[in-house]
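Just start11.txt here, compact mmCIF, C-alpha atoms:
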# COMPACT_ATOMS: atom_id res chain seq x y z
CA MET A 24 47.99 86.34 -29.70
CA GLN A 25 47.07 84.56 -26.45
CA GLN A 26 43.95 82.40 -26.74
CA THR A 27 41.17 83.01 -24.20
CA MET A 28 40.59 79.95 -22.00
CA ASN A 29 37.16 78.67 -21.14
CA ALA A 30 36.08 79.07 -17.53
CA ILE A 31 33.18 76.65 -17.98
CA GLU A 32 32.82 73.60 -20.24
CA VAL A 33 29.51 71.73 -20.44
CA ASN A 34 29.41 68.53 -22.52
CA ASN A 35 26.15 66.65 -23.17
CA ILE A 36 24.74 67.21 -19.69
CA SER A 37 21.40 65.55 -18.96
CA LYS A 38 19.41 65.56 -15.74
CA ARG A 39 16.35 63.45 -14.96
CA TYR A 40 13.99 63.60 -12.00
CA GLY A 41 12.14 60.31 -12.32
CA LYS A 42 10.44 60.50 -15.73
CA VAL A 43 10.97 64.25 -16.07
CA GLU A 44 13.94 65.29 -18.22
CA ALA A 45 15.02 68.66 -16.86
CA LEU A 46 18.09 68.83 -19.13
CA GLN A 47 18.73 66.96 -22.39
CA ASN A 48 22.24 66.76 -23.88
CA VAL A 49 23.11 70.37 -23.07
CA SER A 50 26.51 71.62 -24.26
CA PHE A 51 28.08 75.08 -24.14
CA SER A 52 31.21 76.88 -22.98
CA VAL A 53 31.87 80.20 -21.25
CA ALA A 54 35.12 82.11 -21.73
CA GLU A 55 37.11 83.56 -18.85
CA GLY A 56 35.78 86.98 -17.92
CA GLU A 57 32.63 86.58 -20.04
CA VAL A 58 29.11 87.59 -18.97
CA PHE A 59 26.98 84.65 -20.16
CA GLY A 60 23.20 84.43 -19.85
CA LEU A 61 20.88 81.44 -19.47
CA ILE A 62 17.39 82.45 -20.57
CA GLY A 63 14.12 80.63 -21.00
CA PRO A 64 10.78 79.96 -19.30
CA ASP A 65 10.43 78.54 -15.80
CA GLY A 66 10.88 74.79 -15.84
CA SER A 67 13.30 74.97 -18.78
CA GLY A 68 16.24 73.67 -16.72
CA LYS A 69 18.13 76.86 -15.84
CA THR A 70 18.24 76.23 -12.08
CA SER A 71 19.22 72.57 -12.58
CA MET A 72 22.09 73.75 -14.78
CA HIS A 73 23.25 76.28 -12.18
CA ARG A 74 23.13 73.68 -9.41
CA ILE A 75 25.09 71.12 -11.44
CA LEU A 76 27.82 73.66 -12.24
CA CYS A 77 27.97 74.65 -8.56
CA SER A 78 28.43 70.93 -7.65
CA LEU A 79 25.16 70.94 -5.69
CA LEU A 80 23.44 68.47 -8.01
CA LEU A 81 24.76 65.41 -9.83
CA PRO A 82 24.08 65.15 -13.56
CA SER A 83 22.41 61.99 -14.88
CA GLU A 84 24.77 61.98 -17.89
CA GLY A 85 27.54 64.09 -19.38
CA THR A 86 30.44 66.06 -17.92
CA ALA A 87 31.12 69.63 -16.86
CA THR A 88 34.17 71.52 -15.67
CA VAL A 89 34.49 74.82 -13.83
CA ALA A 90 37.91 76.51 -13.97
CA GLY A 91 39.25 73.18 -15.23
CA TYR A 92 37.87 71.14 -12.31
CA ASN A 93 35.31 68.38 -12.76
CA VAL A 94 32.08 69.31 -10.95
CA VAL A 95 31.56 65.72 -9.75
CA SER A 96 35.00 64.32 -8.90
CA GLN A 97 36.58 67.63 -7.83
CA MET A 98 33.65 69.38 -6.16
CA LYS A 99 35.73 70.68 -3.22
CA GLU A 100 38.06 72.54 -5.58
CA VAL A 101 35.10 73.85 -7.58
CA ARG A 102 33.33 75.29 -4.52
CA LYS A 103 36.39 77.27 -3.44
CA LEU A 104 36.44 79.12 -6.76
CA LEU A 105 32.82 80.11 -7.20
CA GLY A 106 30.19 82.42 -5.74
CA TYR A 107 26.51 81.50 -5.97
CA MET A 108 23.30 83.52 -5.63
CA PRO A 109 20.29 81.18 -5.85
CA GLY A 110 16.88 82.29 -7.08
CA ARG A 111 15.63 82.76 -3.55
CA PHE A 112 17.70 85.10 -1.42
CA SER A 113 20.38 83.03 0.31
CA LEU A 114 20.29 85.08 3.50
CA TYR A 115 19.39 84.30 7.09
CA GLN A 116 16.43 86.60 7.68
CA ASP A 117 16.85 86.77 11.47
CA LEU A 118 20.55 87.68 11.30
CA THR A 119 21.72 91.25 10.78
CA VAL A 120 23.50 92.47 7.66
CA GLU A 121 26.81 92.31 9.50
CA GLU A 122 26.13 88.85 10.93
CA ASN A 123 25.20 87.43 7.53
CA LEU A 124 28.38 88.75 5.96
CA ASN A 125 30.59 87.45 8.78
CA PHE A 126 28.91 84.04 8.59
CA PHE A 127 29.55 83.62 4.86
CA ALA A 128 33.15 84.79 5.27
CA THR A 129 33.65 82.14 7.97
CA LEU A 130 32.40 79.41 5.61
CA PHE A 131 35.39 80.15 3.36
CA ASN A 132 37.92 80.53 6.22
CA THR A 133 38.32 84.25 5.64
CA THR A 134 37.17 87.49 7.25
CA VAL A 135 35.31 90.58 6.10
CA GLU A 136 38.32 92.72 7.04
CA GLU A 137 40.69 90.60 4.95
CA ASN A 138 38.59 90.80 1.78
CA TYR A 139 36.80 94.10 2.33
CA ASP A 140 38.24 95.55 -0.89
CA ALA A 141 36.37 92.87 -2.88
CA ILE A 142 32.99 94.16 -1.70
CA LYS A 143 33.72 97.77 -0.73
CA ASN A 144 31.88 99.41 -3.64
CA ILE A 145 28.73 97.37 -2.97
CA TYR A 146 28.81 97.10 0.81
CA SER A 147 29.36 100.84 1.27
CA GLN A 148 25.79 101.33 -0.07
CA ILE A 149 24.22 99.24 2.72
CA GLU A 150 26.82 99.45 5.50
CA ARG A 151 24.82 102.03 7.46
CA PHE A 152 22.15 99.31 7.88
CA ARG A 153 24.65 96.72 9.18
CA LYS A 154 22.73 96.27 12.46
CA ARG A 155 19.38 95.71 10.71
CA GLN A 156 18.03 92.17 10.27
CA ALA A 157 18.16 90.91 6.68
CA GLY A 158 14.42 90.19 6.77
CA ALA A 159 13.73 93.89 7.32
CA LEU A 160 15.67 95.04 4.24
CA SER A 161 14.09 96.11 0.96
CA GLY A 162 14.42 93.80 -2.05
CA GLY A 163 17.22 95.89 -3.54
CA MET A 164 19.24 95.94 -0.32
CA LYS A 165 18.80 92.18 0.18
CA GLN A 166 20.10 91.72 -3.33
CA LYS A 167 23.23 93.77 -2.64
CA LEU A 168 23.87 91.96 0.65
CA ALA A 169 23.47 88.54 -1.03
CA LEU A 170 25.96 89.61 -3.70
CA CYS A 171 28.43 90.73 -1.02
CA CYS A 172 28.08 87.33 0.67
CA ALA A 173 28.76 85.58 -2.65
CA LEU A 174 31.87 87.72 -3.30
CA ILE A 175 33.41 87.82 0.17
CA HIS A 176 35.93 85.03 -0.63
CA LYS A 177 36.98 86.59 -3.98
CA PRO A 178 35.60 83.93 -6.35
CA GLN A 179 36.78 83.53 -9.93
CA ILE A 180 33.31 82.64 -11.24
CA LEU A 181 29.93 84.01 -10.16
CA PHE A 182 26.65 82.11 -10.67
CA LEU A 183 23.44 84.17 -10.47
CA ASP A 184 20.12 82.33 -10.71
CA GLU A 185 17.48 85.01 -11.45
CA PRO A 186 18.85 87.26 -8.68
CA THR A 187 16.67 90.27 -9.53
CA THR A 188 13.24 88.63 -9.79
CA GLY A 189 10.72 90.72 -7.86
CA VAL A 190 13.11 93.67 -7.44
CA ASP A 191 12.20 97.16 -8.66
CA PRO A 192 13.67 98.46 -11.98
CA VAL A 193 15.97 101.02 -10.31
CA SER A 194 17.59 98.40 -8.07
CA ARG A 195 17.86 95.98 -11.00
CA ARG A 196 19.75 98.53 -13.05
CA GLU A 197 22.08 99.29 -10.12
CA PHE A 198 22.72 95.57 -9.68
CA TRP A 199 23.79 95.13 -13.30
CA ASP A 200 25.98 98.21 -13.10
CA ILE A 201 27.74 96.44 -10.24
CA LEU A 202 28.13 93.31 -12.38
CA ALA A 203 29.80 95.44 -15.07
CA GLN A 204 32.39 96.38 -12.45
CA MET A 205 32.87 92.68 -11.66
CA LYS A 206 33.73 92.07 -15.33
CA GLU A 207 36.47 94.70 -15.13
CA ARG A 208 38.01 92.52 -12.39
CA LYS A 209 37.97 89.54 -14.84
CA ILE A 210 35.29 87.67 -12.88
CA THR A 211 33.35 85.25 -15.10
CA ILE A 212 29.59 85.64 -14.69
CA ILE A 213 26.86 83.19 -15.67
CA ALA A 214 23.39 84.56 -14.98
CA SER A 215 19.80 83.55 -15.67
CA THR A 216 17.22 86.31 -15.96
CA PRO A 217 13.61 86.79 -17.14
CA TYR A 218 14.14 90.47 -18.01
CA LEU A 219 14.95 91.50 -21.59
CA ASP A 220 16.93 94.60 -20.54
CA GLU A 221 19.19 92.33 -18.46
CA VAL A 222 19.52 89.83 -21.31
CA GLN A 223 20.88 92.67 -23.46
CA ARG A 224 23.68 93.26 -20.93
CA CYS A 225 25.10 89.77 -21.44
CA GLU A 226 27.76 89.12 -24.08
CA ARG A 227 26.25 85.81 -25.16
CA VAL A 228 23.14 83.89 -24.14
CA ALA A 229 21.78 80.35 -24.42
CA PHE A 230 18.02 79.95 -24.81
CA LEU A 231 16.79 76.88 -22.91
CA SER A 232 13.33 75.41 -23.43
CA GLU A 233 12.12 72.06 -22.06
CA GLY A 234 15.69 71.20 -21.11
CA ILE A 235 17.09 71.73 -24.62
CA ILE A 236 19.23 74.59 -25.94
CA LYS A 237 17.16 76.05 -28.78
CA GLY A 238 19.61 78.78 -29.70
CA MET A 239 22.86 80.45 -28.67
CA GLY A 240 24.61 83.66 -29.65
CA THR A 241 24.60 87.36 -28.89
CA PRO A 242 21.47 88.71 -27.19
CA THR A 243 20.40 90.46 -30.40
CA GLU A 244 20.79 87.28 -32.44
CA VAL A 245 18.82 85.09 -30.03
CA LEU A 246 16.08 87.64 -29.31
CA THR A 247 15.64 88.23 -33.04
CA GLN A 248 15.57 84.52 -33.88
CA PHE A 249 12.94 83.85 -31.19
CA GLU A 250 11.07 87.14 -31.39
CA ALA A 251 7.67 85.46 -31.12
CA VAL A 252 8.70 84.00 -27.74
CA PHE A 253 10.32 87.04 -26.16
CA ASN A 254 8.16 89.79 -27.68
CA PRO A 255 4.55 88.61 -27.56
CA PRO A 256 1.88 90.99 -28.92
CA ARG A 257 0.64 93.69 -26.57
CA ILE A 258 -2.71 93.38 -24.84
CA GLU A 259 -5.33 94.97 -27.06
CA HIS A 260 -8.37 96.59 -25.45
CA LYS A 261 -11.65 95.37 -26.86
CA HIS A 262 -14.17 98.18 -27.20
CA CYS A 263 -17.10 96.09 -26.05
CA TYR A 264 -18.36 98.21 -23.17
CA ALA A 265 -21.21 100.66 -23.39
CA THR A 266 -20.26 104.31 -23.09
CA ALA A 267 -21.52 104.51 -19.53
CA LYS A 268 -19.41 101.55 -18.46
CA GLN A 269 -16.32 102.91 -20.20
CA THR A 270 -16.44 105.98 -17.94
CA GLU A 271 -17.44 104.14 -14.74
CA ASN A 272 -14.79 104.26 -12.01
CA VAL A 273 -14.08 101.04 -10.15
CA ILE A 274 -11.50 102.72 -7.85
CA GLU A 275 -11.61 106.29 -6.57
CA VAL A 276 -8.95 107.71 -4.25
CA GLU A 277 -8.73 111.26 -2.91
CA HIS A 278 -5.91 112.69 -0.79
CA LEU A 279 -4.94 109.31 0.66
CA VAL A 280 -2.33 109.38 3.45
CA LYS A 281 -0.78 106.57 5.47
CA ALA A 282 1.64 107.58 8.21
CA PHE A 283 3.78 105.40 10.47
CA GLY A 284 4.70 107.85 13.21
CA SER A 285 6.27 110.83 11.50
CA PHE A 286 6.98 108.85 8.31
CA ARG A 287 4.46 109.09 5.47
CA ALA A 288 4.54 105.90 3.41
CA VAL A 289 1.67 107.23 1.27
CA ASP A 290 1.59 111.00 1.02
CA ASP A 291 -1.59 112.65 -0.32
CA ILE A 292 -2.26 110.57 -3.45
CA SER A 293 -5.37 110.87 -5.63
CA PHE A 294 -6.35 108.87 -8.71
CA THR A 295 -9.17 106.94 -10.37
CA VAL A 296 -9.25 103.62 -12.22
CA LYS A 297 -11.96 102.94 -14.81
CA LYS A 298 -13.81 99.66 -15.20
CA GLY A 299 -11.85 97.33 -17.50
CA GLU A 300 -8.65 99.42 -17.25
CA ILE A 301 -5.15 98.08 -16.57
CA PHE A 302 -3.64 100.58 -14.13
CA GLY A 303 -0.02 100.43 -12.92
CA PHE A 304 1.89 101.60 -9.85
CA LEU A 305 5.52 102.31 -10.79
CA GLY A 306 8.29 103.20 -8.36
CA ALA A 307 11.36 102.02 -6.44
CA ASN A 308 11.27 99.86 -3.32
CA GLY A 309 9.90 101.93 -0.45
CA ALA A 310 7.88 104.21 -2.75
CA GLY A 311 4.58 103.24 -1.08
CA LYS A 312 3.12 100.89 -3.70
CA THR A 313 2.46 97.97 -1.34
CA THR A 314 1.12 100.23 1.42
CA ALA A 315 -1.37 101.80 -1.01
CA MET A 316 -2.49 98.36 -2.17
CA HIS A 317 -2.95 97.18 1.41
CA ILE A 318 -5.30 100.10 2.02
CA LEU A 319 -7.26 99.52 -1.18
CA THR A 320 -7.64 95.80 -0.47
CA GLY A 321 -8.96 96.39 3.03
CA LEU A 322 -5.87 95.05 4.79
CA ASN A 323 -4.91 98.39 6.31
CA GLN A 324 -6.62 101.63 7.27
CA PRO A 325 -5.58 105.05 5.92
CA THR A 326 -4.44 107.83 8.25
CA SER A 327 -6.52 110.29 6.25
CA GLY A 328 -8.22 110.66 2.89
CA THR A 329 -11.05 108.76 1.23
CA GLY A 330 -11.43 105.94 -1.26
CA ARG A 331 -13.88 103.49 -2.80
CA VAL A 332 -13.16 100.12 -4.40
CA ALA A 333 -15.87 98.32 -6.40
CA GLY A 334 -18.33 100.77 -4.88
CA TYR A 335 -17.36 100.12 -1.23
CA ASP A 336 -15.78 102.59 1.20
CA ILE A 337 -12.22 101.66 2.21
CA ARG A 338 -12.78 102.91 5.78
CA THR A 339 -16.15 101.41 6.68
CA GLU A 340 -16.78 98.60 4.17
CA TYR A 341 -13.40 96.88 3.91
CA GLU A 342 -14.87 93.43 4.60
CA GLN A 343 -17.19 93.83 1.60
CA ILE A 344 -14.21 94.94 -0.50
CA LYS A 345 -12.40 91.69 0.28
CA GLN A 346 -15.29 89.67 -1.17
CA HIS A 347 -15.19 91.52 -4.51
CA ILE A 348 -11.47 91.63 -5.25
CA GLY A 349 -8.61 89.29 -6.03
CA TYR A 350 -5.17 89.90 -4.52
CA MET A 351 -1.77 88.48 -5.41
CA SER A 352 0.73 89.69 -2.84
CA GLN A 353 4.40 90.50 -3.40
CA LYS A 354 5.36 87.37 -1.48
CA PHE A 355 3.43 84.54 -3.08
CA SER A 356 0.13 84.03 -1.26
CA LEU A 357 0.23 80.24 -1.50
CA TYR A 358 0.68 77.60 1.18
CA GLU A 359 3.86 75.77 0.21
CA ASP A 360 3.09 72.69 2.31
CA LEU A 361 -0.24 72.16 0.49
CA THR A 362 -0.63 70.68 -2.98
CA VAL A 363 -1.66 72.65 -6.06
CA ALA A 364 -5.26 71.38 -5.87
CA GLU A 365 -5.47 71.97 -2.11
CA ASN A 366 -4.39 75.60 -2.51
CA ILE A 367 -7.06 76.18 -5.16
CA ARG A 368 -9.80 74.60 -3.01
CA LEU A 369 -8.71 76.53 0.08
CA PHE A 370 -8.81 79.97 -1.52
CA ALA A 371 -12.00 79.21 -3.44
CA GLY A 372 -13.63 78.29 -0.13
CA ILE A 373 -12.40 81.49 1.49
CA TYR A 374 -14.06 83.44 -1.31
CA GLY A 375 -17.34 81.63 -0.61
CA MET A 376 -17.60 79.49 -3.73
CA HIS A 377 -19.81 76.36 -3.71
CA LYS A 378 -18.09 72.96 -3.60
CA LYS A 379 -19.60 71.84 -6.92
CA ASP A 380 -18.34 74.98 -8.68
CA ILE A 381 -14.93 74.58 -7.04
CA ARG A 382 -14.52 71.01 -8.35
CA GLN A 383 -15.54 71.93 -11.89
CA LYS A 384 -13.45 75.11 -12.10
CA THR A 385 -10.43 73.41 -10.49
CA ASN A 386 -10.37 70.77 -13.23
CA GLU A 387 -10.77 73.44 -15.91
CA LEU A 388 -7.97 75.56 -14.42
CA LEU A 389 -5.52 72.67 -14.11
CA GLN A 390 -6.11 71.73 -17.74
CA ARG A 391 -5.70 75.33 -18.93
CA LEU A 392 -2.42 75.71 -17.02
CA ASN A 393 -1.19 72.24 -18.10
CA PHE A 394 -0.95 71.41 -14.40
CA ASP A 395 -2.93 68.15 -14.57
CA LYS A 396 0.15 66.08 -13.77
CA HIS A 397 1.01 68.40 -10.89
CA ARG A 398 -2.41 68.40 -9.20
CA ASN A 399 -0.98 66.59 -6.17
CA SER A 400 2.46 68.23 -6.20
CA LEU A 401 3.43 70.36 -3.24
CA VAL A 402 3.63 74.05 -4.13
CA SER A 403 7.11 74.17 -2.57
CA ASP A 404 8.33 71.85 -5.36
CA LEU A 405 7.13 74.09 -8.22
CA PRO A 406 9.43 76.42 -10.21
CA LEU A 407 9.12 80.10 -9.35
CA GLY A 408 7.24 81.02 -12.53
CA TRP A 409 4.74 78.20 -12.04
CA LYS A 410 4.02 79.50 -8.54
CA GLN A 411 3.40 82.94 -10.03
CA LYS A 412 1.03 81.49 -12.60
CA LEU A 413 -0.84 79.52 -9.93
CA ALA A 414 -1.01 82.47 -7.49
CA PHE A 415 -2.43 84.72 -10.19
CA SER A 416 -4.96 82.08 -11.25
CA VAL A 417 -6.10 81.64 -7.65
CA SER A 418 -6.51 85.41 -7.25
CA ILE A 419 -9.02 85.55 -10.16
CA PHE A 420 -10.61 82.12 -9.59
CA HIS A 421 -13.82 83.64 -8.17
CA ASN A 422 -14.22 86.23 -10.99
CA PRO A 423 -13.55 89.36 -8.90
CA SER A 424 -14.47 92.89 -9.97
CA VAL A 425 -10.91 94.10 -9.38
CA VAL A 426 -7.63 92.20 -9.11
CA PHE A 427 -4.57 93.65 -7.35
CA LEU A 428 -1.11 92.37 -8.34
CA ASP A 429 1.73 93.50 -6.10
Mind converting the file's structure to structure tokens?
Amino acid sequence: MQQTMNAIEVNNISKRYGKVEALQNVSFSVAEGEVFGLIGPDGSGKTSMHRILCSLLLPSEGTATVAGYNVVSQMKEVRKLLGYMPGRFSLYQDLTVEENLNFFATLFNTTVEENYDAIKNIYSQIERFRKRQAGALSGGMKQKLALCCALIHKPQILFLDEPTTGVDPVSRREFWDILAQMKERKITIIASTPYLDEVQRCERVAFLSEGIIKGMGTPTEVLTQFEAVFNPPRIEHKHCYATAKQTENVIEVEHLVKAFGSFRAVDDISFTVKKGEIFGFLGANGAGKTTAMHILTGLNQPTSGTGRVAGYDIRTEYEQIKQHIGYMSQKFSLYEDLTVAENIRLFAGIYGMHKKDIRQKTNELLQRLNFDKHRNSLVSDLPLGWKQKLAFSVSIFHNPSVVFLD
């Protein structure tokens, strides 16, 4: 019986950024054709591990090989054999779908025509948009284009660093169905993901925390062993409101419509949200969720219909609405060239808070988030999950009546 070779070998890899140890003596192997998952919280070292294996980052200690090649001394050979999708979409937003694909093919001295069979099943789903700029695509379509760009040179190994973060559930499922097809072509896949349904689609996973592998095995084994981490208790509603407040509506919408020309992004929706309720919008990209939120937050006007938020009319009192809500947009509403503390002070000032209150609450927030050491760090240098945590904290910093999370 022929023994399966390892496509990836990692031996005692460590990575330090100054005094911060991003990875500590990490070791694991991935078999040829295996779908292997790296899971763990933001800041656990997953991206550093991806970048080391893609020869984009030098380890502080230890060795690693990809397809038998050393990632430090043989980086040119390594890069020819791999495809890489970083956490942020690796696309040029002002180039069209077609131009992006041609550009990435050129990087590997090939053409789209020569390797079209490698991406046909994926590209056929977005090819009719080939003249559209990448920045104008939905999250799911960007994802498929980025995957095409990573596969255009027919790599042996595919690295995916949280490629579906922020993408709707339908597109995420489609993406992993595509990865299952990649496995049939014997492509080795190493992916990091924050979603439990995607973790279950891996054959084995390694759980990283604070730069250390805490556990490794099948998804069921690891998720069971660390159940308290991956399956926290559900939010329990505390019945502390008076009866009148329990039935009070904080949002009321009737027959809301938003049209862009002949296209209706929001088509005659009606609903209410009670005070203290957690209310969710669920749907695929393009379903109208963001458009509806923009109307309710006073950022856009409806074509027809009525609505009230925190007691204010969405048509005539949208400026008052803005003072009583918190809003975390789909694209993080933080200034990346400002520090953590500067972002907090800026948004607190916009919401009209007093300087004394801002100073006190900023210190309290940084301590609660364990961000004290990162007070003066630029937001652009933070891991994705930390940005999320900060953006959410900023959106509720002024104790709004309603918070919108897109």
### Summary
If you count only C-alpha atoms, the residue of A:Gly303, A:Gly321, A:Gly328, A:Pro406 closest to Val289 of chain A turns out to be A:Gly328
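The smallest atom-to-atom distance between Leu183 of chain A and any of A:Gly284, A:Gly91, A:Pro242, A:Gly60, using all atoms listed in the file, is found for A:Gly60.
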Give me the residues within 12 Å of Arg195 of chain A as a JSON list (two decimals) with C-alpha atoms, keeping the file's coordinate frame, counting all atoms listed in the file and dropping any in the same chain fewer than 6 places off.
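Ended up saving to selection30.json:
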[["chain", "number", "residue", "atom", "x", "y", "z"],
["A", 162, "GLY", "CA", 14.42, 93.80, -2.05],
["A", 163, "GLY", "CA", 17.22, 95.89, -3.54],
["A", 164, "MET", "CA", 19.24, 95.94, -0.32],
["A", 165, "LYS", "CA", 18.80, 92.18, 0.18],
["A", 166, "GLN", "CA", 20.10, 91.72, -3.33],
["A", 167, "LYS", "CA", 23.23, 93.77, -2.64],
["A", 185, "GLU", "CA", 17.48, 85.01, -11.45],
["A", 186, "PRO", "CA", 18.85, 87.26, -8.68],
["A", 187, "THR", "CA", 16.67, 90.27, -9.53],
["A", 188, "THR", "CA", 13.24, 88.63, -9.79],
["A", 189, "GLY", "CA", 10.72, 90.72, -7.86],
["A", 201, "ILE", "CA", 27.74, 96.44, -10.24],
["A", 202, "LEU", "CA", 28.13, 93.31, -12.38],
["A", 216, "THR", "CA", 17.22, 86.31, -15.96],
["A", 217, "PRO", "CA", 13.61, 86.79, -17.14],
["A", 218, "TYR", "CA", 14.14, 90.47, -18.01],
["A", 219, "LEU", "CA", 14.95, 91.50, -21.59],
["A", 220, "ASP", "CA", 16.93, 94.60, -20.54],
["A", 221, "GLU", "CA", 19.19, 92.33, -18.46],
["A", 224, "ARG", "CA", 23.68, 93.26, -20.93],
["A", 307, "ALA", "CA", 11.36, 102.02, -6.44],
["A", 308, "ASN", "CA", 11.27, 99.86, -3.32]]
### Task
Determine, counting only C-alpha atoms, every residue of protein, DNA or RNA that lies within 10 Å of (20.2, 81.9, -7.0) in the file coordinates, then give the result as a PyMOL selection string.
chain A and resi 70+73-74+107-113+169+182-187+214-215
Please write the residues from the selection above to a file, keeping C-alpha atoms, as an mmCIF file, keeping the file's coordinate frame.
data_model
loop_
_atom_site.group_PDB
_atom_site.id
_atom_site.type_symbol
_atom_site.label_atom_id
_atom_site.label_comp_id
_atom_site.auth_asym_id
_atom_site.auth_seq_id
_atom_site.Cartn_x
_atom_site.Cartn_y
_atom_site.Cartn_z
ATOM 1 C CA THR A 70 18.240 76.230 -12.080
ATOM 2 C CA HIS A 73 23.250 76.280 -12.180
ATOM 3 C CA ARG A 74 23.130 73.680 -9.410
ATOM 4 C CA TYR A 107 26.510 81.500 -5.970
ATOM 5 C CA MET A 108 23.300 83.520 -5.630
ATOM 6 C CA PRO A 109 20.290 81.180 -5.850
ATOM 7 C CA GLY A 110 16.880 82.290 -7.080
ATOM 8 C CA ARG A 111 15.630 82.760 -3.550
ATOM 9 C CA PHE A 112 17.700 85.100 -1.420
ATOM 10 C CA SER A 113 20.380 83.030 0.310
ATOM 11 C CA ALA A 169 23.470 88.540 -1.030
ATOM 12 C CA PHE A 182 26.650 82.110 -10.670
ATOM 13 C CA LEU A 183 23.440 84.170 -10.470
ATOM 14 C CA ASP A 184 20.120 82.330 -10.710
ATOM 15 C CA GLU A 185 17.480 85.010 -11.450
ATOM 16 C CA PRO A 186 18.850 87.260 -8.680
ATOM 17 C CA THR A 187 16.670 90.270 -9.530
ATOM 18 C CA ALA A 214 23.390 84.560 -14.980
ATOM 19 C CA SER A 215 19.800 83.550 -15.670
#
### Query
What gap, in Å, lies between atom CA of Phe420 of chain A and atom CA of Met316 of chain A?
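Taking atom CA of Phe420 of chain A and atom CA of Met316 of chain A, their separation equals 19.6 Å.
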### Task
Report the distance between atom CA of Tyr335 of chain A and atom CA of Leu428 of chain A in Å, rounded to one decimal place.
19.4 Å
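Interatomic distance, atom CA of Asn48 of chain A against atom CA of Asn29 of chain A: 19.3 Å.
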Just add N, CA and C atoms to segment 313-325 of chain A and send it as a PDB file, in the coordinates of the input.
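Resulting contents of result_9.pdb:
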ATOM      1  N   THR A 313       3.097  99.045  -2.110  1.00  0.00           N
ATOM      2  CA  THR A 313       2.460  97.970  -1.340  1.00  0.00           C
ATOM      3  C   THR A 313       1.541  98.540  -0.268  1.00  0.00           C
ATOM      4  N   THR A 314       1.963  99.611   0.386  1.00  0.00           N
ATOM      5  CA  THR A 314       1.120 100.230   1.420  1.00  0.00           C
ATOM      6  C   THR A 314      -0.201 100.705   0.825  1.00  0.00           C
ATOM      7  N   ALA A 315      -0.144 101.349  -0.344  1.00  0.00           N
ATOM      8  CA  ALA A 315      -1.370 101.800  -1.010  1.00  0.00           C
ATOM      9  C   ALA A 315      -2.272 100.626  -1.352  1.00  0.00           C
ATOM     10  N   MET A 316      -1.685  99.539  -1.832  1.00  0.00           N
ATOM     11  CA  MET A 316      -2.490  98.360  -2.170  1.00  0.00           C
ATOM     12  C   MET A 316      -3.123  97.744  -0.930  1.00  0.00           C
ATOM     13  N   HIS A 317      -2.384  97.723   0.179  1.00  0.00           N
ATOM     14  CA  HIS A 317      -2.950  97.180   1.410  1.00  0.00           C
ATOM     15  C   HIS A 317      -4.173  97.969   1.865  1.00  0.00           C
ATOM     16  N   ILE A 318      -4.146  99.270   1.661  1.00  0.00           N
ATOM     17  CA  ILE A 318      -5.300 100.100   2.020  1.00  0.00           C
ATOM     18  C   ILE A 318      -6.474  99.811   1.090  1.00  0.00           C
ATOM     19  N   LEU A 319      -6.195  99.724  -0.199  1.00  0.00           N
ATOM     20  CA  LEU A 319      -7.260  99.520  -1.180  1.00  0.00           C
ATOM     21  C   LEU A 319      -7.867  98.113  -1.108  1.00  0.00           C
ATOM     22  N   THR A 320      -7.119  97.159  -0.581  1.00  0.00           N
ATOM     23  CA  THR A 320      -7.640  95.800  -0.470  1.00  0.00           C
ATOM     24  C   THR A 320      -8.267  95.527   0.894  1.00  0.00           C
ATOM     25  N   GLY A 321      -8.331  96.554   1.735  1.00  0.00           N
ATOM     26  CA  GLY A 321      -8.960  96.390   3.030  1.00  0.00           C
ATOM     27  C   GLY A 321      -8.092  95.765   4.087  1.00  0.00           C
ATOM     28  N   LEU A 322      -6.788  95.659   3.829  1.00  0.00           N
ATOM     29  CA  LEU A 322      -5.870  95.050   4.790  1.00  0.00           C
ATOM     30  C   LEU A 322      -5.275  96.069   5.746  1.00  0.00           C
ATOM     31  N   ASN A 323      -5.449  97.336   5.456  1.00  0.00           N
ATOM     32  CA  ASN A 323      -4.910  98.390   6.310  1.00  0.00           C
ATOM     33  C   ASN A 323      -5.815  99.615   6.210  1.00  0.00           C
ATOM     34  N   GLN A 324      -5.790 100.439   7.242  1.00  0.00           N
ATOM     35  CA  GLN A 324      -6.620 101.630   7.270  1.00  0.00           C
ATOM     36  C   GLN A 324      -5.788 102.879   6.984  1.00  0.00           C
ATOM     37  N   PRO A 325      -6.325 103.826   6.210  1.00  0.00           N
ATOM     38  CA  PRO A 325      -5.580 105.050   5.920  1.00  0.00           C
ATOM     39  C   PRO A 325      -5.533 105.968   7.145  1.00  0.00           C
TER      40      PRO A 325
END
